[in-house]
$ cat final_30.csv   # CSV, N, CA and C atoms
chain,number,residue,atom,x,y,z
A,1,MET,N,116.2,103.5,202.2
A,1,MET,CA,114.9,103.8,202.7
A,1,MET,C,114.7,103.0,204.0
A,2,ARG,N,115.4,101.9,204.1
A,2,ARG,CA,115.2,101.0,205.3
A,2,ARG,C,115.9,101.7,206.5
A,3,ALA,N,117.1,102.3,206.3
A,3,ALA,CA,117.8,103.0,207.3
A,3,ALA,C,116.9,104.2,207.8
A,4,PHE,N,116.3,104.9,206.9
A,4,PHE,CA,115.4,106.0,207.2
A,4,PHE,C,114.3,105.6,208.2
A,5,CYS,N,113.7,104.4,207.8
A,5,CYS,CA,112.5,103.9,208.7
A,5,CYS,C,113.0,103.6,210.1
A,6,PHE,N,114.1,102.9,210.2
A,6,PHE,CA,114.6,102.5,211.5
A,6,PHE,C,115.1,103.7,212.3
A,7,ARG,N,115.7,104.7,211.6
A,7,ARG,CA,116.1,105.9,212.3
A,7,ARG,C,114.9,106.7,212.8
A,8,PHE,N,113.9,106.8,211.9
A,8,PHE,CA,112.6,107.5,212.3
A,8,PHE,C,111.9,106.8,213.5
A,9,LEU,N,111.9,105.5,213.5
A,9,LEU,CA,111.2,104.8,214.6
A,9,LEU,C,112.0,104.9,215.9
A,10,ARG,N,113.3,104.9,215.8
A,10,ARG,CA,114.1,105.1,217.0
A,10,ARG,C,114.0,106.5,217.6
A,11,ARG,N,114.1,107.5,216.7
A,11,ARG,CA,114.0,108.9,217.2
A,11,ARG,C,112.5,109.2,217.5
A,12,GLY,N,111.6,108.7,216.8
A,12,GLY,CA,110.2,108.9,217.0
A,12,GLY,C,109.7,108.4,218.3
A,13,SER,N,110.2,107.2,218.7
A,13,SER,CA,109.8,106.7,220.0
A,13,SER,C,110.3,107.6,221.1
A,14,LEU,N,111.5,108.1,221.0
A,14,LEU,CA,112.0,109.0,222.0
A,14,LEU,C,111.2,110.3,222.1
A,15,VAL,N,110.9,110.9,220.9
A,15,VAL,CA,110.1,112.1,220.9
A,15,VAL,C,108.7,111.9,221.4
A,16,ALA,N,108.0,110.8,221.0
A,16,ALA,CA,106.6,110.6,221.5
A,16,ALA,C,106.6,110.4,223.0
A,17,ILE,N,107.5,109.6,223.5
A,17,ILE,CA,107.4,109.3,224.9
A,17,ILE,C,107.7,110.5,225.7
A,18,SER,N,108.8,111.3,225.4
A,18,SER,CA,109.2,112.5,226.1
A,18,SER,C,108.1,113.5,226.0
A,19,LEU,N,107.5,113.8,224.8
A,19,LEU,CA,106.5,114.8,224.7
A,19,LEU,C,105.2,114.3,225.4
A,20,GLY,N,104.9,113.0,225.4
A,20,GLY,CA,103.8,112.5,226.1
A,20,GLY,C,103.9,112.8,227.6
A,21,ILE,N,105.1,112.6,228.2
A,21,ILE,CA,105.3,112.8,229.6
A,21,ILE,C,105.1,114.3,229.9
A,22,ILE,N,105.7,115.1,229.1
A,22,ILE,CA,105.6,116.6,229.3
A,22,ILE,C,104.1,117.0,229.1
A,23,GLY,N,103.4,116.5,228.2
A,23,GLY,CA,102.0,116.8,228.0
A,23,GLY,C,101.1,116.4,229.2
A,24,TYR,N,101.4,115.2,229.8
A,24,TYR,CA,100.7,114.8,230.9
A,24,TYR,C,100.9,115.7,232.1
A,25,GLY,N,102.2,116.2,232.3
A,25,GLY,CA,102.5,117.1,233.3
A,25,GLY,C,101.7,118.4,233.1
A,26,LEU,N,101.7,118.9,231.9
A,26,LEU,CA,101.0,120.1,231.6
A,26,LEU,C,99.5,120.0,231.8
A,27,GLY,N,98.9,118.8,231.5
A,27,GLY,CA,97.5,118.6,231.8
A,27,GLY,C,97.2,118.6,233.3
A,28,GLN,N,98.1,118.0,234.1
A,28,GLN,CA,97.9,118.1,235.5
A,28,GLN,C,98.0,119.5,236.0
A,29,VAL,N,98.9,120.3,235.5
A,29,VAL,CA,99.0,121.7,235.9
A,29,VAL,C,97.8,122.4,235.5
A,30,PHE,N,97.2,122.2,234.3
A,30,PHE,CA,96.0,122.8,233.9
A,30,PHE,C,94.9,122.5,234.9
A,31,LEU,N,94.7,121.2,235.3
A,31,LEU,CA,93.7,120.8,236.2
A,31,LEU,C,93.8,121.5,237.6
A,32,ILE,N,95.1,121.6,238.0
A,32,ILE,CA,95.3,122.2,239.3
A,32,ILE,C,95.0,123.7,239.3
A,33,VAL,N,95.4,124.3,238.2
A,33,VAL,CA,95.0,125.8,238.1
A,33,VAL,C,93.5,125.9,237.9
A,34,ASP,N,92.9,125.0,237.2
A,34,ASP,CA,91.4,125.1,237.1
A,34,ASP,C,90.7,124.9,238.4
A,35,GLN,N,91.2,124.1,239.3
A,35,GLN,CA,90.6,123.9,240.6
A,35,GLN,C,90.9,125.1,241.5
A,36,PHE,N,92.1,125.7,241.3
A,36,PHE,CA,92.5,126.8,242.1
A,36,PHE,C,91.6,128.0,241.9
A,37,TYR,N,91.2,128.2,240.7
A,37,TYR,CA,90.3,129.3,240.4
A,37,TYR,C,88.8,128.9,240.6
A,38,SER,N,88.6,128.0,241.5
A,38,SER,CA,87.3,127.6,242.1
A,38,SER,C,86.3,127.0,241.0
A,39,ARG,N,86.8,126.4,240.0
A,39,ARG,CA,85.9,125.7,239.1
A,39,ARG,C,85.8,124.2,239.6
A,40,ALA,N,84.7,123.7,239.7
A,40,ALA,CA,84.6,122.3,240.1
A,40,ALA,C,85.1,121.4,239.0
A,41,GLN,N,85.9,120.4,239.4
A,41,GLN,CA,86.4,119.4,238.4
A,41,GLN,C,85.2,118.5,238.0
A,42,THR,N,84.8,118.6,236.8
A,42,THR,CA,83.8,117.8,236.2
A,42,THR,C,84.3,116.9,235.2
A,43,SER,N,83.4,116.1,234.6
A,43,SER,CA,83.9,115.2,233.5
A,43,SER,C,84.1,116.0,232.2
A,44,ASN,N,83.8,117.3,232.2
A,44,ASN,CA,84.1,118.1,231.0
A,44,ASN,C,85.6,118.3,230.8
A,45,ASN,N,86.4,118.4,231.8
A,45,ASN,CA,87.8,118.6,231.6
A,45,ASN,C,88.6,117.4,232.0
A,46,ASP,N,88.1,116.2,232.1
A,46,ASP,CA,88.9,115.0,232.3
A,46,ASP,C,89.6,114.6,231.1
A,47,HIS,N,89.1,115.0,229.9
A,47,HIS,CA,89.8,114.7,228.7
A,47,HIS,C,91.2,115.3,228.5
A,48,VAL,N,91.4,116.3,229.4
A,48,VAL,CA,92.7,117.0,229.3
A,48,VAL,C,93.9,116.1,229.6
A,49,LEU,N,93.7,115.1,230.5
A,49,LEU,CA,94.8,114.2,230.9
A,49,LEU,C,95.2,113.2,229.8
A,50,TRP,N,94.3,113.0,228.8
A,50,TRP,CA,94.8,112.1,227.7
A,50,TRP,C,94.9,112.8,226.4
A,51,GLN,N,94.2,113.9,226.2
A,51,GLN,CA,94.3,114.7,224.9
A,51,GLN,C,95.6,115.5,224.8
A,52,THR,N,96.0,116.1,225.9
A,52,THR,CA,97.2,116.9,225.8
A,52,THR,C,98.4,116.1,225.5
A,53,PRO,N,98.7,115.0,226.2
A,53,PRO,CA,99.9,114.2,225.8
A,53,PRO,C,99.8,113.6,224.4
A,54,MET,N,98.6,113.2,224.0
A,54,MET,CA,98.4,112.6,222.7
A,54,MET,C,98.7,113.7,221.6
A,55,ASN,N,98.1,114.9,221.8
A,55,ASN,CA,98.3,115.9,220.8
A,55,ASN,C,99.8,116.4,220.7
A,56,MET,N,100.5,116.5,221.9
A,56,MET,CA,101.9,116.9,221.9
A,56,MET,C,102.7,115.8,221.2
A,57,ALA,N,102.4,114.5,221.5
A,57,ALA,CA,103.2,113.4,220.9
A,57,ALA,C,103.0,113.4,219.4
A,58,LEU,N,101.8,113.5,219.0
A,58,LEU,CA,101.5,113.4,217.5
A,58,LEU,C,102.1,114.6,216.8
A,59,GLY,N,102.0,115.8,217.4
A,59,GLY,CA,102.6,117.0,216.8
A,59,GLY,C,104.1,116.9,216.7
A,60,GLY,N,104.8,116.3,217.8
A,60,GLY,CA,106.2,116.1,217.7
A,60,GLY,C,106.6,115.1,216.7
A,61,LEU,N,105.8,114.0,216.5
A,61,LEU,CA,106.1,113.0,215.4
A,61,LEU,C,106.0,113.6,214.0
A,62,VAL,N,105.0,114.5,213.8
A,62,VAL,CA,104.8,115.1,212.5
A,62,VAL,C,106.0,116.0,212.2
A,63,VAL,N,106.4,116.8,213.2
A,63,VAL,CA,107.5,117.7,213.0
A,63,VAL,C,108.8,116.9,212.8
A,64,LEU,N,109.0,115.9,213.5
A,64,LEU,CA,110.2,115.0,213.3
A,64,LEU,C,110.2,114.4,211.9
A,65,PHE,N,109.0,113.9,211.5
A,65,PHE,CA,109.0,113.3,210.2
A,65,PHE,C,109.3,114.3,209.1
A,66,VAL,N,108.8,115.5,209.2
A,66,VAL,CA,109.1,116.5,208.1
A,66,VAL,C,110.6,116.8,208.1
A,67,LEU,N,111.1,117.0,209.3
A,67,LEU,CA,112.5,117.4,209.4
A,67,LEU,C,113.4,116.2,208.9
A,68,GLU,N,113.1,115.0,209.2
A,68,GLU,CA,113.8,113.8,208.8
A,68,GLU,C,113.8,113.7,207.2
A,69,LEU,N,112.6,114.0,206.6
A,69,LEU,CA,112.5,114.0,205.2
A,69,LEU,C,113.4,115.1,204.5
A,70,ILE,N,113.4,116.2,205.1
A,70,ILE,CA,114.2,117.3,204.6
A,70,ILE,C,115.7,117.0,204.7
A,71,VAL,N,116.1,116.4,205.8
A,71,VAL,CA,117.5,116.0,206.0
A,71,VAL,C,117.9,114.9,205.0
A,72,GLU,N,117.0,114.0,204.8
A,72,GLU,CA,117.2,112.8,203.9
A,72,GLU,C,117.4,113.3,202.4
A,73,CYS,N,116.5,114.3,202.1
A,73,CYS,CA,116.6,114.8,200.7
A,73,CYS,C,117.8,115.5,200.4
A,74,PHE,N,118.2,116.4,201.4
A,74,PHE,CA,119.4,117.2,201.2
A,74,PHE,C,120.7,116.3,201.3
A,75,SER,N,120.7,115.3,202.1
A,75,SER,CA,121.9,114.4,202.2
A,75,SER,C,122.0,113.6,200.9
A,76,ARG,N,120.9,113.3,200.2
A,76,ARG,CA,121.1,112.6,198.9
A,76,ARG,C,121.5,113.5,197.8
A,77,LEU,N,121.2,114.8,197.9
A,77,LEU,CA,121.6,115.7,196.9
A,77,LEU,C,123.1,116.0,197.0
A,78,ASN,N,123.7,116.0,198.2
A,78,ASN,CA,125.1,116.3,198.4
A,78,ASN,C,126.0,115.1,198.2
A,79,LYS,N,125.5,113.9,198.0
A,79,LYS,CA,126.4,112.8,197.8
A,79,LYS,C,127.0,112.9,196.4
A,80,PRO,N,128.3,112.6,196.2
A,80,PRO,CA,128.8,112.7,194.9
A,80,PRO,C,128.4,111.5,194.0
A,81,LYS,N,128.2,111.8,192.7
A,81,LYS,CA,127.7,110.7,191.8
A,81,LYS,C,128.8,109.7,191.6
A,82,GLN,N,130.1,110.1,191.4
A,82,GLN,CA,131.2,109.2,191.2
A,82,GLN,C,132.2,109.4,192.3
A,83,PRO,N,132.8,108.3,192.7
A,83,PRO,CA,133.8,108.4,193.8
A,83,PRO,C,135.0,109.4,193.3
A,84,GLN,N,135.3,110.2,194.2
A,84,GLN,CA,136.4,111.2,194.0
A,84,GLN,C,137.8,110.5,194.1
A,85,LYS,N,138.7,110.9,193.2
A,85,LYS,CA,140.0,110.3,193.3
A,85,LYS,C,140.8,111.2,194.3
A,86,ALA,N,141.6,110.5,195.1
A,86,ALA,CA,142.4,111.2,196.1
A,86,ALA,C,143.5,112.0,195.4
A,87,VAL,N,143.7,113.2,195.8
A,87,VAL,CA,144.8,114.0,195.3
A,87,VAL,C,145.9,114.0,196.3
A,88,PRO,N,147.1,113.6,196.0
A,88,PRO,CA,148.2,113.5,197.0
A,88,PRO,C,148.5,114.9,197.5
A,89,ILE,N,148.9,115.0,198.7
A,89,ILE,CA,149.3,116.3,199.3
A,89,ILE,C,150.7,116.6,199.0
A,90,LEU,N,151.1,117.9,198.9
A,90,LEU,CA,152.4,118.2,198.5
A,90,LEU,C,153.5,117.6,199.4
A,91,ALA,N,153.2,117.5,200.7
A,91,ALA,CA,154.2,116.9,201.6
A,91,ALA,C,154.5,115.5,201.2
A,92,GLU,N,153.5,114.8,200.7
A,92,GLU,CA,153.7,113.4,200.3
A,92,GLU,C,154.5,113.3,198.9
A,93,LEU,N,154.4,114.4,198.1
A,93,LEU,CA,155.1,114.4,196.9
A,93,LEU,C,156.6,114.7,197.0
A,94,ASP,N,157.0,115.4,198.1
A,94,ASP,CA,158.4,115.9,198.2
A,94,ASP,C,159.4,114.7,198.1
A,95,ASP,N,159.0,113.6,198.7
A,95,ASP,CA,160.0,112.4,198.7
A,95,ASP,C,160.0,111.8,197.3
A,96,LYS,N,159.0,111.9,196.5
A,96,LYS,CA,159.0,111.2,195.2
A,96,LYS,C,159.2,112.1,194.0
A,97,MET,N,159.4,113.4,194.3
A,97,MET,CA,159.5,114.3,193.2
A,97,MET,C,160.9,114.2,192.6
A,98,ILE,N,161.0,114.3,191.3
A,98,ILE,CA,162.3,114.3,190.5
A,98,ILE,C,162.5,115.7,190.1
A,99,ILE,N,163.5,116.3,190.6
A,99,ILE,CA,163.8,117.7,190.3
A,99,ILE,C,164.9,117.7,189.2
A,100,PRO,N,164.6,118.4,188.1
A,100,PRO,CA,165.6,118.4,187.1
A,100,PRO,C,166.9,119.2,187.6
A,101,PRO,N,168.0,118.7,187.1
A,101,PRO,CA,169.3,119.3,187.6
A,101,PRO,C,169.4,120.8,187.3
A,102,ALA,N,168.7,121.4,186.4
A,102,ALA,CA,168.8,122.8,186.0
A,102,ALA,C,168.4,123.7,187.1
A,103,ILE,N,167.5,123.3,187.9
A,103,ILE,CA,167.0,124.2,189.0
A,103,ILE,C,167.5,123.9,190.4
A,104,LEU,N,168.4,122.9,190.4
A,104,LEU,CA,169.1,122.6,191.7
A,104,LEU,C,170.2,123.6,191.9
A,105,PRO,N,170.3,124.0,193.2
A,105,PRO,CA,171.4,124.9,193.5
A,105,PRO,C,172.8,124.2,193.3
A,106,ASN,N,173.8,124.9,193.0
A,106,ASN,CA,175.1,124.4,192.8
A,106,ASN,C,175.2,123.4,191.7
A,107,SER,N,174.4,123.6,190.7
A,107,SER,CA,174.4,122.7,189.6
A,107,SER,C,175.4,123.1,188.6
A,108,THR,N,175.9,122.1,187.8
A,108,THR,CA,177.0,122.4,186.9
A,108,THR,C,176.5,122.5,185.5
A,109,THR,N,175.2,122.5,185.3
A,109,THR,CA,174.6,122.7,184.0
A,109,THR,C,174.6,124.1,183.6
A,110,PRO,N,174.6,124.4,182.3
A,110,PRO,CA,174.7,125.8,181.9
A,110,PRO,C,173.5,126.7,182.2
A,111,PHE,N,172.4,126.0,182.5
A,111,PHE,CA,171.1,126.7,182.7
A,111,PHE,C,171.0,127.1,184.2
A,112,ALA,N,171.9,126.7,185.1
A,112,ALA,CA,171.8,127.0,186.5
A,112,ALA,C,172.1,128.5,186.7
A,113,SER,N,171.4,129.1,187.6
A,113,SER,CA,171.7,130.5,187.9
A,113,SER,C,172.6,130.7,189.0

$ encode --input "final_30.csv" --output "C-alpha cells"
Amino acid sequence: MRAFCFRFLRRGSLVAISLGIIGYGLGQVFLIVDQFYSRAQTSNNDHVLWQTPMNMALGGLVVLFVLELIVECFSRLNKPKQPQKAVPILAELDDKMIIPPAILPNSTTPFAS
C-alpha cells in the first residue's frame, strides 16, 4: 500500500500540474474569444482563470486514482500464490542426460535396431 501511495503522489503531481497549465491556457483562450465577440470582460467571467485549471486538475486526479486502483487490483490477482519452480530447458539437459545404450546408434546390445 505504501508503494501505491508514493506512486500515486508522484504521478498525481505530474497530472495535476500539467492539466492545470493546460486549463489555464484554455481559460485564457475562452476570455480572448469572449472579448472578440464584443462582450465586455466583467467580474462575471473572471472565475474562468481559476476554475478551469482546478476542475481539469481534479478531474485528472480522479481518473488517475481510479485507473491506479484498477491496475493495482489486477496486478495483485495475477501474482502467483507460491513461487514457481524453474523447469530446465532441453538444451540444458542434453549435457546431463544419460541415454541408455539400447537406443544409441551402433550399439552392441540385442535391442539396438

$ atom_distance --input "final_30.csv" --atom1 "CA of Val63 (chain A)" --atom2 "CA of Ser13 (chain A)"
13.2 Å

$ residues_around --input "final_30.csv" --residues "region 42-53 of chain A" --least-positions-apart "2" --cutoff "6 Å" --atoms "all atoms listed in the file" --output "list in words"
Leu19, Gly20, Ile21, Gly23, Tyr24, Gly27, Gln28, Ala40, Asn55, Met56, Ala57 and Leu58 of chain A

$ atom_distance --input "final_30.csv" --atom1 "CA of Phe6 (chain A)" --atom2 "CA of Leu61 (chain A)"
14.1 Å

$ atom_distance --input "final_30.csv" --atom1 "CA of Ser75 (chain A)" --atom2 "CA of Phe4 (chain A)"
11.7 Å

$ decode --input "final_30.csv" --residues "region 4-59 of chain A" --atoms "C-alpha atoms" --output "mmCIF file, in the first residue's frame"
data_model
loop_
_atom_site.group_PDB
_atom_site.id
_atom_site.type_symbol
_atom_site.label_atom_id
_atom_site.label_comp_id
_atom_site.auth_asym_id
_atom_site.auth_seq_id
_atom_site.Cartn_x
_atom_site.Cartn_y
_atom_site.Cartn_z
ATOM 1 C CA PHE A 4 0.858 2.654 -4.216
ATOM 2 C CA CYS A 5 0.645 5.927 -2.254
ATOM 3 C CA PHE A 6 4.078 7.127 -3.342
ATOM 4 C CA ARG A 7 3.437 6.131 -6.952
ATOM 5 C CA PHE A 8 0.072 7.929 -6.899
ATOM 6 C CA LEU A 9 1.598 11.075 -5.380
ATOM 7 C CA ARG A 10 4.406 11.119 -7.948
ATOM 8 C CA ARG A 11 2.123 10.574 -10.922
ATOM 9 C CA GLY A 12 -0.647 12.724 -9.478
ATOM 10 C CA SER A 13 1.599 15.730 -9.107
ATOM 11 C CA LEU A 14 2.608 15.456 -12.771
ATOM 12 C CA VAL A 15 -1.017 15.083 -13.877
ATOM 13 C CA ALA A 16 -2.307 17.949 -11.726
ATOM 14 C CA ILE A 17 0.415 20.394 -12.751
ATOM 15 C CA SER A 18 0.213 19.606 -16.469
ATOM 16 C CA LEU A 19 -3.599 19.701 -16.583
ATOM 17 C CA GLY A 20 -3.593 22.899 -14.512
ATOM 18 C CA ILE A 21 -1.315 24.579 -17.050
ATOM 19 C CA ILE A 22 -3.473 23.353 -19.934
ATOM 20 C CA GLY A 23 -6.620 24.531 -18.123
ATOM 21 C CA TYR A 24 -5.140 27.985 -17.544
ATOM 22 C CA GLY A 25 -4.355 28.247 -21.257
ATOM 23 C CA LEU A 26 -7.883 27.176 -22.159
ATOM 24 C CA GLY A 27 -9.268 29.778 -19.750
ATOM 25 C CA GLN A 28 -7.198 32.482 -21.409
ATOM 26 C CA VAL A 29 -8.405 31.361 -24.842
ATOM 27 C CA PHE A 30 -12.000 31.484 -23.608
ATOM 28 C CA LEU A 31 -11.565 35.045 -22.339
ATOM 29 C CA ILE A 32 -9.928 36.160 -25.605
ATOM 30 C CA VAL A 33 -12.760 34.624 -27.642
ATOM 31 C CA ASP A 34 -15.275 36.191 -25.265
ATOM 32 C CA GLN A 35 -13.727 39.635 -25.827
ATOM 33 C CA PHE A 36 -13.531 39.029 -29.572
ATOM 34 C CA TYR A 37 -17.271 38.591 -29.769
ATOM 35 C CA SER A 38 -17.650 42.046 -28.176
ATOM 36 C CA ARG A 39 -18.704 41.067 -24.721
ATOM 37 C CA ALA A 40 -17.168 43.272 -22.122
ATOM 38 C CA GLN A 41 -14.952 41.473 -19.640
ATOM 39 C CA THR A 42 -16.654 41.774 -16.313
ATOM 40 C CA SER A 43 -16.146 40.146 -12.985
ATOM 41 C CA ASN A 44 -18.703 37.510 -14.035
ATOM 42 C CA ASN A 45 -16.188 35.594 -16.103
ATOM 43 C CA ASP A 46 -13.019 36.218 -14.087
ATOM 44 C CA HIS A 47 -13.608 32.926 -12.303
ATOM 45 C CA VAL A 48 -12.696 31.146 -15.550
ATOM 46 C CA LEU A 49 -8.987 31.648 -14.888
ATOM 47 C CA TRP A 50 -9.005 29.688 -11.647
ATOM 48 C CA GLN A 51 -11.972 27.315 -12.053
ATOM 49 C CA THR A 52 -10.920 25.781 -15.363
ATOM 50 C CA PRO A 53 -7.435 24.701 -14.220
ATOM 51 C CA MET A 54 -8.766 23.489 -10.886
ATOM 52 C CA ASN A 55 -11.539 21.419 -12.472
ATOM 53 C CA MET A 56 -9.187 19.902 -15.034
ATOM 54 C CA ALA A 57 -6.580 19.051 -12.401
ATOM 55 C CA LEU A 58 -9.128 17.490 -10.032
ATOM 56 C CA GLY A 59 -10.761 15.554 -12.866
#
